[in-house]
Amino acid sequence: MVEVRVRYFAAAADAAGRADETVVVSGGTVGDLRDALESQYGEAMERVLRTGSILIDGVVSRDRERPLGAAADVLPRFSGG
């Protein structure tokens, strides 16, 4: 089990119903965190994670096998112009 501090932004915060929390993950990878968040928060979080990003210690990671760090930020897809 791994504890990771997770911060949620915009639609991710809406899906989680909070801005941050400590999440206990069964494994130690980004994929394990994604699975835990989707399991806990359902379809709303799944939509955010499908197109958004997870930053591990400030670095974007789309690799499910990347090891978790001390902190993770969940960001929805941002549009810009």
# chains A, B, ... in the order shown; residues from 1 in each chain; ligands from 1
$ residues_around --residues "Arg34 in chain A" --least-positions-apart "4" --cutoff "9 Å" --atoms "only C-alpha atoms" --output "compact mmCIF listing (two decimals) with N, CA and C atoms, in the first residue's frame"
# COMPACT_ATOMS: atom_id res chain seq x y z
N THR A 29 2.06 2.50 -8.78
CA THR A 29 2.24 3.08 -10.10
C THR A 29 1.11 4.05 -10.44
N VAL A 30 1.33 4.84 -11.48
CA VAL A 30 0.31 5.76 -11.98
C VAL A 30 -0.95 4.98 -12.35
N GLU A 38 -10.75 5.98 -10.39
CA GLU A 38 -11.91 5.61 -11.18
C GLU A 38 -12.86 4.74 -10.36
N SER A 39 -12.31 3.84 -9.56
CA SER A 39 -13.14 2.99 -8.71
C SER A 39 -13.87 3.81 -7.65
N GLU A 46 -13.54 8.99 -14.50
CA GLU A 46 -13.06 8.27 -15.67
C GLU A 46 -13.01 9.20 -16.89
N LEU A 49 -9.99 11.55 -16.49
CA LEU A 49 -8.71 10.87 -16.69
C LEU A 49 -8.50 10.42 -18.13
N ILE A 54 -2.17 13.37 -15.35
CA ILE A 54 -1.74 13.22 -13.96
C ILE A 54 -0.28 13.67 -13.91
N ARG A 64 1.35 4.24 -17.45
CA ARG A 64 0.70 3.56 -16.33
C ARG A 64 1.70 2.87 -15.41
$ closest_atom_pairs --of "range 23-66 of chain A" --to "range 9-16 of chain A" --cutoff "12 Å" --atoms "only C-alpha atoms" --output "Markdown table"
| residue | atom | partner | partner_atom | distance |
| --- | --- | --- | --- | --- |
| A:Val23 | CA | A:Ala16 | CA | 11.7 |
| A:Ala36 | CA | A:Ala16 | CA | 11.9 |
| A:Leu37 | CA | A:Ala16 | CA | 8.5 |
| A:Glu38 | CA | A:Ala16 | CA | 9.9 |
| A:Ser39 | CA | A:Ala16 | CA | 11.3 |
| A:Gln40 | CA | A:Ala16 | CA | 8.6 |
| A:Tyr41 | CA | A:Ala16 | CA | 6.1 |
| A:Gly42 | CA | A:Ala15 | CA | 8.4 |
| A:Glu43 | CA | A:Ala15 | CA | 8.6 |
| A:Ala44 | CA | A:Ala15 | CA | 5.3 |
| A:Met45 | CA | A:Ala15 | CA | 5.4 |
| A:Glu46 | CA | A:Ala15 | CA | 9.0 |
| A:Arg47 | CA | A:Ala15 | CA | 9.2 |
| A:Val48 | CA | A:Ala12 | CA | 6.1 |
| A:Leu49 | CA | A:Ala12 | CA | 8.2 |
| A:Arg50 | CA | A:Ala12 | CA | 11.3 |
| A:Thr51 | CA | A:Ala12 | CA | 11.1 |
| A:Gly52 | CA | A:Ala12 | CA | 8.8 |
| A:Ser53 | CA | A:Ala12 | CA | 10.1 |
| A:Ile54 | CA | A:Ala12 | CA | 10.5 |
| A:Leu55 | CA | A:Phe9 | CA | 11.4 |
$ select_by_dssp --residues "chain A" --states "strand (DSSP E)" --output "ChimeraX atom specification"
/A:2-8,20-25,53-56,59-61,71-75
$ residues_around --residues "Val4 in chain A" --least-positions-apart "5" --cutoff "7 Å" --atoms "only C-alpha atoms" --output "VMD selection string"
chain A and resid 22 to 24 70 to 72
$ closest_residue --among "A:Ile56, A:Leu68, A:Val6, A:Ala19" --to "Asp32 in chain A" --atoms "only C-alpha atoms"
A:Leu68
$ select_by_dssp --residues "chain A" --states "alpha helix (DSSP H)" --output "list in words"
Ala11, Ala12, Ala13, Asp14, Ala15, Ala16, Val30, Gly31, Asp32, Leu33, Arg34, Asp35, Ala36, Leu37, Glu38, Ser39, Gln40, Tyr41, Gly42, Glu43, Ala44, Met45, Glu46, Arg47, Val48, Leu49, Arg50 and Thr51 of chain A
$ write_last_selection --atoms "C-alpha atoms" --output "CSV table (one decimal), in the first residue's frame"
chain,number,residue,atom,x,y,z
A,11,ALA,CA,-13.5,19.2,-13.5
A,12,ALA,CA,-11.3,16.7,-11.5
A,13,ALA,CA,-12.2,18.6,-8.3
A,14,ASP,CA,-15.9,18.5,-9.3
A,15,ALA,CA,-15.7,14.7,-10.0
A,16,ALA,CA,-14.0,14.1,-6.6
A,30,VAL,CA,0.3,5.8,-12.0
A,31,GLY,CA,-2.0,3.0,-13.3
A,32,ASP,CA,-2.8,1.9,-9.8
A,33,LEU,CA,-3.7,5.5,-8.9
A,34,ARG,CA,-5.9,5.9,-12.0
A,35,ASP,CA,-7.7,2.6,-11.2
A,36,ALA,CA,-8.2,3.7,-7.5
A,37,LEU,CA,-9.6,7.1,-8.5
A,38,GLU,CA,-11.9,5.6,-11.2
A,39,SER,CA,-13.1,3.0,-8.7
A,40,GLN,CA,-13.8,5.6,-6.0
A,41,TYR,CA,-15.3,8.3,-8.1
A,42,GLY,CA,-16.8,6.5,-11.0
A,43,GLU,CA,-17.7,7.7,-14.5
A,44,ALA,CA,-17.1,11.4,-13.8
A,45,MET,CA,-13.5,10.8,-12.8
A,46,GLU,CA,-13.1,8.3,-15.7
A,47,ARG,CA,-14.0,11.0,-18.2
A,48,VAL,CA,-11.5,13.4,-16.6
A,49,LEU,CA,-8.7,10.9,-16.7
A,50,ARG,CA,-9.5,9.7,-20.2
A,51,THR,CA,-8.5,13.1,-21.7
$ atom_distance --atom1 "CA of Met1 in chain A" --atom2 "CA of Val59 in chain A"
22.2 Å
$ decode --residues "range 40-51 of chain A" --atoms "all heavy atoms" --output "CSV table (one decimal), in the first residue's frame"
chain,number,residue,atom,x,y,z
A,40,GLN,N,-13.2,4.8,-7.1
A,40,GLN,CA,-13.8,5.6,-6.0
A,40,GLN,C,-14.8,6.6,-6.5
A,40,GLN,O,-15.8,6.8,-5.9
A,40,GLN,CB,-12.7,6.3,-5.2
A,40,GLN,CG,-13.2,7.1,-4.0
A,40,GLN,CD,-12.0,7.6,-3.1
A,40,GLN,OE1,-10.9,7.2,-3.3
A,40,GLN,NE2,-12.4,8.4,-2.2
A,41,TYR,N,-14.5,7.2,-7.6
A,41,TYR,CA,-15.3,8.3,-8.1
A,41,TYR,C,-16.1,8.1,-9.4
A,41,TYR,O,-16.9,8.9,-9.8
A,41,TYR,CB,-14.4,9.6,-8.3
A,41,TYR,CG,-13.9,10.1,-7.0
A,41,TYR,CD1,-12.5,10.0,-6.8
A,41,TYR,CD2,-14.7,10.5,-5.9
A,41,TYR,CE1,-11.9,10.4,-5.6
A,41,TYR,CE2,-14.1,10.9,-4.7
A,41,TYR,CZ,-12.8,10.9,-4.6
A,41,TYR,OH,-12.2,11.3,-3.4
A,42,GLY,N,-16.0,6.9,-10.0
A,42,GLY,CA,-16.8,6.5,-11.0
A,42,GLY,C,-16.6,7.2,-12.4
A,42,GLY,O,-15.6,7.7,-12.7
A,43,GLU,N,-17.7,7.2,-13.1
A,43,GLU,CA,-17.7,7.7,-14.5
A,43,GLU,C,-17.2,9.1,-14.6
A,43,GLU,O,-16.5,9.5,-15.6
A,43,GLU,CB,-19.1,7.6,-15.1
A,43,GLU,CG,-19.3,8.1,-16.5
A,43,GLU,CD,-18.4,7.3,-17.5
A,43,GLU,OE1,-18.2,6.1,-17.3
A,43,GLU,OE2,-18.0,7.9,-18.6
A,44,ALA,N,-17.6,10.0,-13.7
A,44,ALA,CA,-17.1,11.4,-13.8
A,44,ALA,C,-15.6,11.5,-13.8
A,44,ALA,O,-15.0,12.2,-14.6
A,44,ALA,CB,-17.7,12.2,-12.7
A,45,MET,N,-14.9,10.7,-12.9
A,45,MET,CA,-13.5,10.8,-12.8
A,45,MET,C,-12.9,10.0,-14.1
A,45,MET,O,-11.9,10.5,-14.6
A,45,MET,CB,-13.0,10.2,-11.5
A,45,MET,CG,-11.5,10.3,-11.4
A,45,MET,SD,-10.8,12.0,-11.3
A,45,MET,CE,-11.4,12.5,-9.7
A,46,GLU,N,-13.5,9.0,-14.5
A,46,GLU,CA,-13.1,8.3,-15.7
A,46,GLU,C,-13.0,9.2,-16.9
A,46,GLU,O,-12.0,9.2,-17.7
A,46,GLU,CB,-14.0,7.1,-16.0
A,46,GLU,CG,-13.4,6.2,-17.1
A,46,GLU,CD,-14.3,5.0,-17.3
A,46,GLU,OE1,-15.0,4.5,-16.3
A,46,GLU,OE2,-14.4,4.5,-18.5
A,47,ARG,N,-14.0,10.0,-17.1
A,47,ARG,CA,-14.0,11.0,-18.2
A,47,ARG,C,-12.9,12.0,-18.1
A,47,ARG,O,-12.2,12.3,-19.0
A,47,ARG,CB,-15.4,11.8,-18.2
A,47,ARG,CG,-16.5,11.0,-18.9
A,47,ARG,CD,-17.7,11.9,-19.1
A,47,ARG,NE,-18.2,12.6,-18.0
A,47,ARG,CZ,-19.1,12.1,-17.1
A,47,ARG,NH1,-19.6,10.9,-17.3
A,47,ARG,NH2,-19.4,12.9,-16.1
A,48,VAL,N,-12.6,12.5,-16.8
A,48,VAL,CA,-11.5,13.4,-16.6
A,48,VAL,C,-10.2,12.8,-17.0
A,48,VAL,O,-9.4,13.3,-17.7
A,48,VAL,CB,-11.5,13.9,-15.2
A,48,VAL,CG1,-10.2,14.7,-14.9
A,48,VAL,CG2,-12.7,14.8,-14.9
A,49,LEU,N,-10.0,11.6,-16.5
A,49,LEU,CA,-8.7,10.9,-16.7
A,49,LEU,C,-8.5,10.4,-18.1
A,49,LEU,O,-7.4,10.3,-18.6
A,49,LEU,CB,-8.6,9.7,-15.7
A,49,LEU,CG,-8.5,10.0,-14.3
A,49,LEU,CD1,-8.6,8.8,-13.4
A,49,LEU,CD2,-7.3,10.8,-14.0
A,50,ARG,N,-9.6,10.2,-18.8
A,50,ARG,CA,-9.5,9.7,-20.2
A,50,ARG,C,-8.8,10.8,-21.1
A,50,ARG,O,-8.0,10.5,-22.0
A,50,ARG,CB,-10.9,9.4,-20.8
A,50,ARG,CG,-10.9,8.8,-22.1
A,50,ARG,CD,-12.3,8.4,-22.6
A,50,ARG,NE,-13.1,7.8,-21.6
A,50,ARG,CZ,-14.3,8.1,-21.2
A,50,ARG,NH1,-14.9,9.1,-21.8
A,50,ARG,NH2,-15.0,7.5,-20.3
A,51,THR,N,-9.0,12.1,-20.8
A,51,THR,CA,-8.5,13.1,-21.7
A,51,THR,C,-7.5,14.1,-20.9
A,51,THR,O,-6.8,14.9,-21.5
A,51,THR,CB,-9.6,14.0,-22.3
A,51,THR,OG1,-10.4,14.6,-21.3
A,51,THR,CG2,-10.4,13.1,-23.2
